[in-house]
Every structure is written in C-alpha cells, then in structure tokens.
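Data file: upload.pdb. Format and content: PDB, C-alpha atoms.
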```pdb
ATOM      1  CA  PRO G 102       0.000   0.000   0.000
ATOM      2  CA  LYS G 103       0.956   3.628  -0.525
ATOM      3  CA  HIS G 104       1.347   4.501   3.200
ATOM      4  CA  ARG G 105       3.985   1.762   3.635
ATOM      5  CA  GLU G 106       5.924   3.125   0.690
ATOM      6  CA  ASP G 107       5.738   6.622   2.127
ATOM      7  CA  ALA G 108       6.877   5.469   5.594
ATOM      8  CA  LEU G 109       9.863   3.597   4.136
ATOM      9  CA  SER G 110      10.717   6.596   1.955
ATOM     10  CA  ASP G 111      10.605   8.844   5.051
ATOM     11  CA  VAL G 112      13.029   6.489   6.886
ATOM     12  CA  ILE G 113      15.441   6.537   3.942
ATOM     13  CA  GLN G 114      15.203  10.337   3.708
ATOM     14  CA  ALA G 115      15.882  10.726   7.465
ATOM     15  CA  TYR G 116      18.906   8.431   7.134
ATOM     16  CA  ALA G 117      20.176  10.491   4.231
ATOM     17  CA  GLU G 118      19.789  13.678   6.274
ATOM     18  CA  LYS G 119      21.845  12.086   9.068
ATOM     19  CA  SER G 120      19.408  13.190  11.725
ATOM     20  CA  PRO G 121      19.322  10.545  14.475
ATOM     21  CA  ALA G 122      16.264  11.959  16.265
ATOM     22  CA  LEU G 123      14.257  12.208  13.055
ATOM     23  CA  LEU G 124      15.474   8.769  11.966
ATOM     24  CA  LYS G 125      14.410   7.229  15.283
ATOM     25  CA  LYS G 126      10.984   8.897  15.069
ATOM     26  CA  ARG G 127      10.433   7.747  11.474
ATOM     27  CA  ILE G 128      11.632   4.200  12.235
ATOM     28  CA  GLN G 129       9.125   4.025  15.111
ATOM     29  CA  HIS G 130       6.398   5.298  12.789
ATOM     30  CA  PHE G 131       7.473   2.769  10.129
ATOM     31  CA  LEU G 132       7.478  -0.100  12.677
ATOM     32  CA  LYS G 133       4.028   0.968  13.933
ATOM     33  CA  ASN G 134       2.714   0.937  10.338
ATOM     34  CA  GLU G 135       4.316  -2.459   9.702
ATOM     35  CA  LYS G 136       2.779  -3.862  12.892
ATOM     36  CA  GLU G 137      -0.666  -2.626  11.817
ATOM     37  CA  TYR G 138      -0.101  -3.996   8.323
ATOM     38  CA  ARG G 139       0.962  -7.409   9.685
ATOM     39  CA  SER G 140      -2.129  -7.457  11.898
ATOM     40  CA  TYR G 141      -4.291  -6.527   8.905
ATOM     41  CA  THR G 142      -2.701  -9.174   6.656
ATOM     42  CA  ARG G 143      -2.965 -11.783   9.413
ATOM     43  CA  ASN G 144      -6.673 -10.998   9.758
ATOM     44  CA  MET G 145      -7.109 -11.142   5.991
ATOM     45  CA  MET G 146      -5.257 -14.455   5.792
ATOM     46  CA  THR G 147      -7.436 -15.866   8.571
ATOM     47  CA  TYR G 148     -10.523 -14.569   6.758
ATOM     48  CA  TRP G 149      -9.481 -16.156   3.455
ATOM     49  CA  GLN G 150      -8.465 -19.409   5.148
ATOM     50  CA  GLU G 151     -11.906 -19.593   6.740
ATOM     51  CA  LYS G 152     -13.548 -18.811   3.385
ATOM     52  CA  ILE G 153     -11.470 -21.467   1.613
ATOM     53  CA  LEU G 154     -12.257 -23.993   4.341
ATOM     54  CA  TYR G 155     -15.973 -23.110   4.205
ATOM     55  CA  PHE G 156     -16.174 -23.383   0.424
ATOM     56  CA  GLY G 157     -13.997 -26.510   0.451
ATOM     57  CA  ILE G 158     -16.327 -28.221   2.907
ATOM     58  CA  LEU G 159     -19.362 -26.966   0.989
ATOM     59  CA  SER G 160     -17.872 -28.267  -2.275
ATOM     60  CA  ALA G 161     -17.032 -31.638  -0.706
ATOM     61  CA  VAL G 162     -20.550 -32.002   0.724
ATOM     62  CA  THR G 163     -22.064 -30.996  -2.619
ATOM     63  CA  LEU G 164     -19.817 -33.429  -4.473
ATOM     64  CA  LEU G 165     -20.616 -36.285  -2.091
ATOM     65  CA  THR G 166     -24.351 -35.536  -2.248
ATOM     66  CA  THR G 167     -24.250 -35.419  -6.046
ATOM     67  CA  LEU G 168     -22.244 -38.631  -6.136
ATOM     68  CA  PHE G 169     -24.716 -40.327  -3.779
ATOM     69  CA  ILE G 170     -27.681 -39.194  -5.892
ATOM     70  CA  ALA G 171     -25.915 -40.353  -9.075
ATOM     71  CA  ILE G 172     -25.203 -43.765  -7.537
ATOM     72  CA  ILE G 173     -28.844 -44.166  -6.490
ATOM     73  CA  TYR G 174     -30.035 -43.069  -9.937
ATOM     74  CA  ILE G 175     -27.668 -45.441 -11.742
ATOM     75  CA  GLN G 176     -28.605 -48.258  -9.365
ATOM     76  CA  ASN G 177     -32.334 -47.747  -9.947
ATOM     77  CA  SER G 178     -32.234 -47.002 -13.657
ATOM     78  CA  ILE G 179     -29.549 -49.434 -14.853
ATOM     79  CA  PHE G 180     -28.399 -52.075 -12.395
ATOM     80  CA  THR G 181     -31.772 -53.046 -10.870
ATOM     81  CA  PRO G 182     -33.518 -53.455 -14.270
ATOM     82  CA  LEU G 183     -30.521 -55.406 -15.621
ATOM     83  CA  LYS G 184     -30.565 -57.638 -12.543
ATOM     84  CA  ASP G 185     -34.319 -58.256 -12.976
ATOM     85  CA  LEU G 186     -33.867 -58.975 -16.687
ATOM     86  CA  SER G 187     -30.996 -61.337 -15.937
ATOM     87  CA  LYS G 188     -33.177 -63.199 -13.422
ATOM     88  CA  LYS G 189     -36.002 -63.474 -15.980
ATOM     89  CA  MET G 190     -33.576 -64.770 -18.609
ATOM     90  CA  ASN G 191     -32.130 -67.286 -16.168
ATOM     91  CA  ASP G 192     -35.633 -68.459 -15.181
ATOM     92  CA  PHE G 193     -36.564 -68.739 -18.846
ATOM     93  CA  LEU G 194     -33.399 -70.745 -19.488
ATOM     94  CA  HIS G 195     -34.410 -73.170 -16.725
ATOM     95  CA  ASP G 196     -37.972 -73.657 -18.089
ATOM     96  CA  LYS G 197     -39.749 -71.302 -15.679
ATOM     97  CA  TYR G 198     -42.141 -69.457 -17.975
ATOM     98  CA  THR G 199     -44.493 -68.049 -15.338
ATOM     99  CA  TYR G 200     -43.263 -64.451 -15.069
ATOM    100  CA  GLN G 201     -45.322 -61.476 -16.206
ATOM    101  CA  PHE G 202     -44.181 -59.414 -19.176
ATOM    102  CA  SER G 203     -43.916 -55.776 -18.087
ATOM    103  CA  VAL G 204     -43.817 -52.591 -20.137
ATOM    104  CA  PRO G 205     -40.140 -51.595 -20.338
ATOM    105  CA  ALA G 206     -38.791 -48.095 -19.823
ATOM    106  CA  PRO G 207     -37.929 -46.083 -22.964
ATOM    107  CA  ASN G 208     -34.135 -46.425 -22.662
ATOM    108  CA  GLU G 209     -31.390 -48.871 -23.658
ATOM    109  CA  VAL G 210     -32.163 -51.290 -20.833
ATOM    110  CA  GLY G 211     -35.863 -51.059 -21.696
ATOM    111  CA  HIS G 212     -35.065 -51.820 -25.337
ATOM    112  CA  LEU G 213     -33.084 -54.865 -24.229
ATOM    113  CA  GLN G 214     -36.004 -55.990 -22.046
ATOM    114  CA  ALA G 215     -38.509 -55.436 -24.873
ATOM    115  CA  THR G 216     -36.353 -57.524 -27.227
ATOM    116  CA  PHE G 217     -36.127 -60.328 -24.676
ATOM    117  CA  ASN G 218     -39.892 -60.151 -24.052
ATOM    118  CA  ALA G 219     -40.551 -60.449 -27.799
ATOM    119  CA  LEU G 220     -38.180 -63.414 -28.124
ATOM    120  CA  ALA G 221     -39.656 -65.110 -25.062
ATOM    121  CA  GLN G 222     -43.198 -64.574 -26.359
ATOM    122  CA  ARG G 223     -42.217 -66.050 -29.726
ATOM    123  CA  VAL G 224     -40.656 -69.081 -28.022
ATOM    124  CA  LEU G 225     -43.771 -69.583 -25.883
ATOM    125  CA  ASN G 226     -46.032 -69.294 -28.949
ATOM    126  CA  ASN G 227     -43.866 -71.801 -30.845
ATOM    127  CA  MET G 228     -43.983 -74.170 -27.876
ATOM    128  CA  ASP G 229     -47.800 -73.937 -27.763
ATOM    129  CA  GLU G 230     -47.964 -74.543 -31.505
ATOM    130  CA  LEU G 231     -45.626 -77.543 -31.239
ATOM    131  CA  THR G 232     -47.706 -78.975 -28.384
ATOM    132  CA  THR G 233     -50.857 -78.610 -30.490
ATOM    133  CA  LEU G 234     -49.144 -80.243 -33.489
ATOM    134  CA  ASP G 235     -47.863 -83.080 -31.288
ATOM    135  CA  ARG G 236     -51.395 -83.745 -29.991
ATOM    136  CA  ALA G 237     -52.760 -83.708 -33.552
ATOM    137  CA  LYS G 238     -50.016 -86.129 -34.690
ATOM    138  CA  THR G 239     -50.709 -88.488 -31.793
ATOM    139  CA  GLU G 240     -54.435 -88.408 -32.516
ATOM    140  CA  PHE G 241     -53.838 -88.989 -36.248
ATOM    141  CA  LEU G 242     -51.542 -91.953 -35.560
ATOM    142  CA  SER G 243     -54.083 -93.431 -33.170
ATOM    143  CA  ILE G 244     -56.898 -93.117 -35.712
ATOM    144  CA  ALA G 245     -54.735 -94.357 -38.622
ATOM    145  CA  SER G 246     -53.520 -97.311 -36.583
ATOM    146  CA  HIS G 247     -57.073 -98.250 -35.691
ATOM    147  CA  GLU G 248     -58.259 -97.841 -39.276
ATOM    148  CA  LEU G 249     -55.409 -99.981 -40.605
ATOM    149  CA  ARG G 250     -55.741-102.706 -37.949
ATOM    150  CA  THR G 251     -59.435-103.314 -38.552
ATOM    151  CA  PRO G 252     -59.155-104.298 -42.268
ATOM    152  CA  LEU G 253     -55.857-106.096 -41.702
ATOM    153  CA  THR G 254     -57.473-108.224 -39.025
ATOM    154  CA  SER G 255     -60.269-109.137 -41.463
ATOM    155  CA  ILE G 256     -57.775-109.959 -44.206
ATOM    156  CA  LYS G 257     -55.670-112.000 -41.808
ATOM    157  CA  GLY G 258     -58.751-113.935 -40.706
ATOM    158  CA  SER G 259     -59.769-114.567 -44.308
ATOM    159  CA  LEU G 260     -56.277-115.797 -45.170
ATOM    160  CA  SER G 261     -56.349-118.143 -42.199
ATOM    161  CA  LEU G 262     -59.631-119.551 -43.418
ATOM    162  CA  LEU G 263     -58.254-120.023 -46.916
ATOM    163  CA  GLN G 264     -55.158-121.770 -45.564
ATOM    164  CA  SER G 265     -57.193-124.070 -43.371
ATOM    165  CA  GLY G 266     -59.063-125.302 -46.414
ATOM    166  CA  ILE G 267     -62.577-124.357 -45.389
ATOM    167  CA  THR G 268     -63.269-122.930 -48.826
ATOM    168  CA  GLY G 269     -61.958-125.958 -50.551
ATOM    169  CA  GLU G 270     -58.660-127.214 -51.849
ATOM    170  CA  LEU G 271     -56.306-124.574 -53.306
ATOM    171  CA  ASN G 272     -53.982-125.150 -56.176
ATOM    172  CA  ASP G 273     -50.208-124.934 -55.702
ATOM    173  CA  ALA G 274     -49.902-121.400 -57.156
ATOM    174  CA  SER G 275     -52.547-120.101 -54.700
ATOM    175  CA  LYS G 276     -50.847-121.862 -51.772
ATOM    176  CA  ASN G 277     -47.528-120.185 -52.703
ATOM    177  CA  LEU G 278     -49.214-116.765 -52.666
ATOM    178  CA  LEU G 279     -50.684-117.371 -49.218
TER     179      LEU G 279
END
```
Could you write out this structure as structure tokens?
Amino acid sequence: PKHREDALSDVIQAYAEKSPALLKKRIQHFLKNEKEYRSYTRNMMTYWQEKILYFGILSAVTLLTTLFIAIIYIQNSIFTPLKDLSKKMNDFLHDKYTYQFSVPAPNEVGHLQATFNALAQRVLNNMDELTTLDRAKTEFLSIASHELRTPLTSIKGSLSLLQSGITGELNDASKNLL
C-alpha cells in the first residue's frame, strides 16, 4: 500500500539527512505501520483461510451428495432393471415361464427388455404350436392305426380260413401266394 511506501521513503530520507532523532521517530512510525499492516494481513489471511475452508467443505458435501444421488439413480435405472432382466432370462433358461411381461422403460435397458420379451413370447407361442401339433399327430396316428388294424385283421382272418381249407382245396400257385 501507498502509506507503507511513504513510511519507508521517510526512513530513507531521514537516514540520508543524518538526523538521528528524526530517523528514530520515522523508524518508530514505520514499525508501527508495519505492525498494523501485519495485523491486517494476518486478519485477511485468517478470513481467506476460513472462506477457503468453508467453500472446500461446501464443495465436498455438494460433491458427495451429487455422487450419492448419481449412484442411487444409476442403481435404480440401470443395475436393478438389468438384474431383474438377468433373473427373468435365467428363469426362462431353466424352463420357468411363469413371469409377467412388463412394459419396459424407454431407454437402452428397456429396449433390451422389450427384445427379450418379444423373443420369449415367440418361443412360448412356438412351444404352444408344437404342443398342439404333437397332440394332432398323436391323434392322427391313433386313428390311422385303428383304421389300418381293422381291415388287416379281417384280411388276416380270411387268409387263415383259406389256408385251413374251409373254402376248398387250393392249387399250388394259390398256396404259394398265401
């Protein structure tokens, strides 16, 4: 500051004038100014240290709060849905098809869930269709088997009668055919 410069200049001037009384007086004045200045700067340093500490703590609390909120948001919006989807996929892999399809959120994880839901629904529809086709095949085979056995039994009975000779004697060519 200007008053410090002036006080130092006055001390130098008194020294140059070789006046011990004036020099002593100006040195005392200079030392008084320096003491006041040191007190002022000490107070200012304490003030700024307190401000820095206050804003540092405030920044740390804000950062930690923001980090905590971000962790909760990421947990709820990414990790929990992925964990649920993974559980559904694992259940589906182990033939547990009883879960409810839910409407996914409109984000990347939701898109992944919607794709899995569509694939799972297609697999379930194909399984129902295959079960229906298997029942129809079994029923067809049962009916066809019955329909084939009935005439074959009649033919077999007729052949037995022919071989036994009830209808009369057969020639050698007919016996070879039977």
ask   = Expressed in Å to a single decimal, how great is the separation between atom CA of Leu220 of chain G and atom CA of Asp196 of chain G?
value =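 Atom CA of Asp196 of chain G lies at a distance of 14.3 Å from atom CA of Leu220 of chain G.
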message = Could you tell me how far atom CA of Ser110 of chain G sits from atom CA of Ala122 of chain G, in Å to one decimal place?
response = 16.3 Å
message = So, with only C-alpha atoms as the atoms that count, which of G:Gln114, G:Leu234, G:Pro102, G:Leu164 lies closest to Glu135 of chain G?
response = G:Pro102
message = One decimal, in Å: what's the spacing between atom CA of Leu194 of chain G and atom CA of Asp229 of chain G?
response =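 Between atom CA of Leu194 of chain G and atom CA of Asp229 of chain G the gap works out to 16.9 Å.
Among the candidate residues G:Leu271, G:Pro182, G:Asn226, G:Ser246, the one lying nearest to Glu209 of chain G is G:Pro182, with distances computed using all atoms listed in the file.
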Let me have the centre and edge lengths in Å, one decimal, of the box along x, y and z around every listed atom of segment 211-214 of chain G with 4 Å of margin on each side, as lines of an AutoDock Vina configuration file.
```
center_x = -34.5
center_y = -53.5
center_z = -23.5
size_x = 10.9
size_y = 12.9
size_z = 11.6
```
task = Check which residues satisfy the PyMOL selection byres ((chain G and resi 107) around 12) in the file shown, then give them as a list of chain:residue names.
result =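 This file, filtered by the PyMOL selection byres ((chain G and resi 107) around 12), leaves G:Pro102, G:Lys103, G:His104, G:Arg105, G:Glu106, G:Ala108, G:Leu109, G:Ser110, G:Asp111, G:Val112, G:Ile113, G:Gln114, G:Arg127, G:Ile128, G:His130, G:Phe131, G:Asn134, G:Glu135.
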request  = Evaluate the PyMOL selection byres ((chain G and resi 214) around 10) on the structure here and hand back the selected residues as a PyMOL selection string.
outcome  = chain G and resi 182-183+185-187+189-190+202-206+208-213+215-220
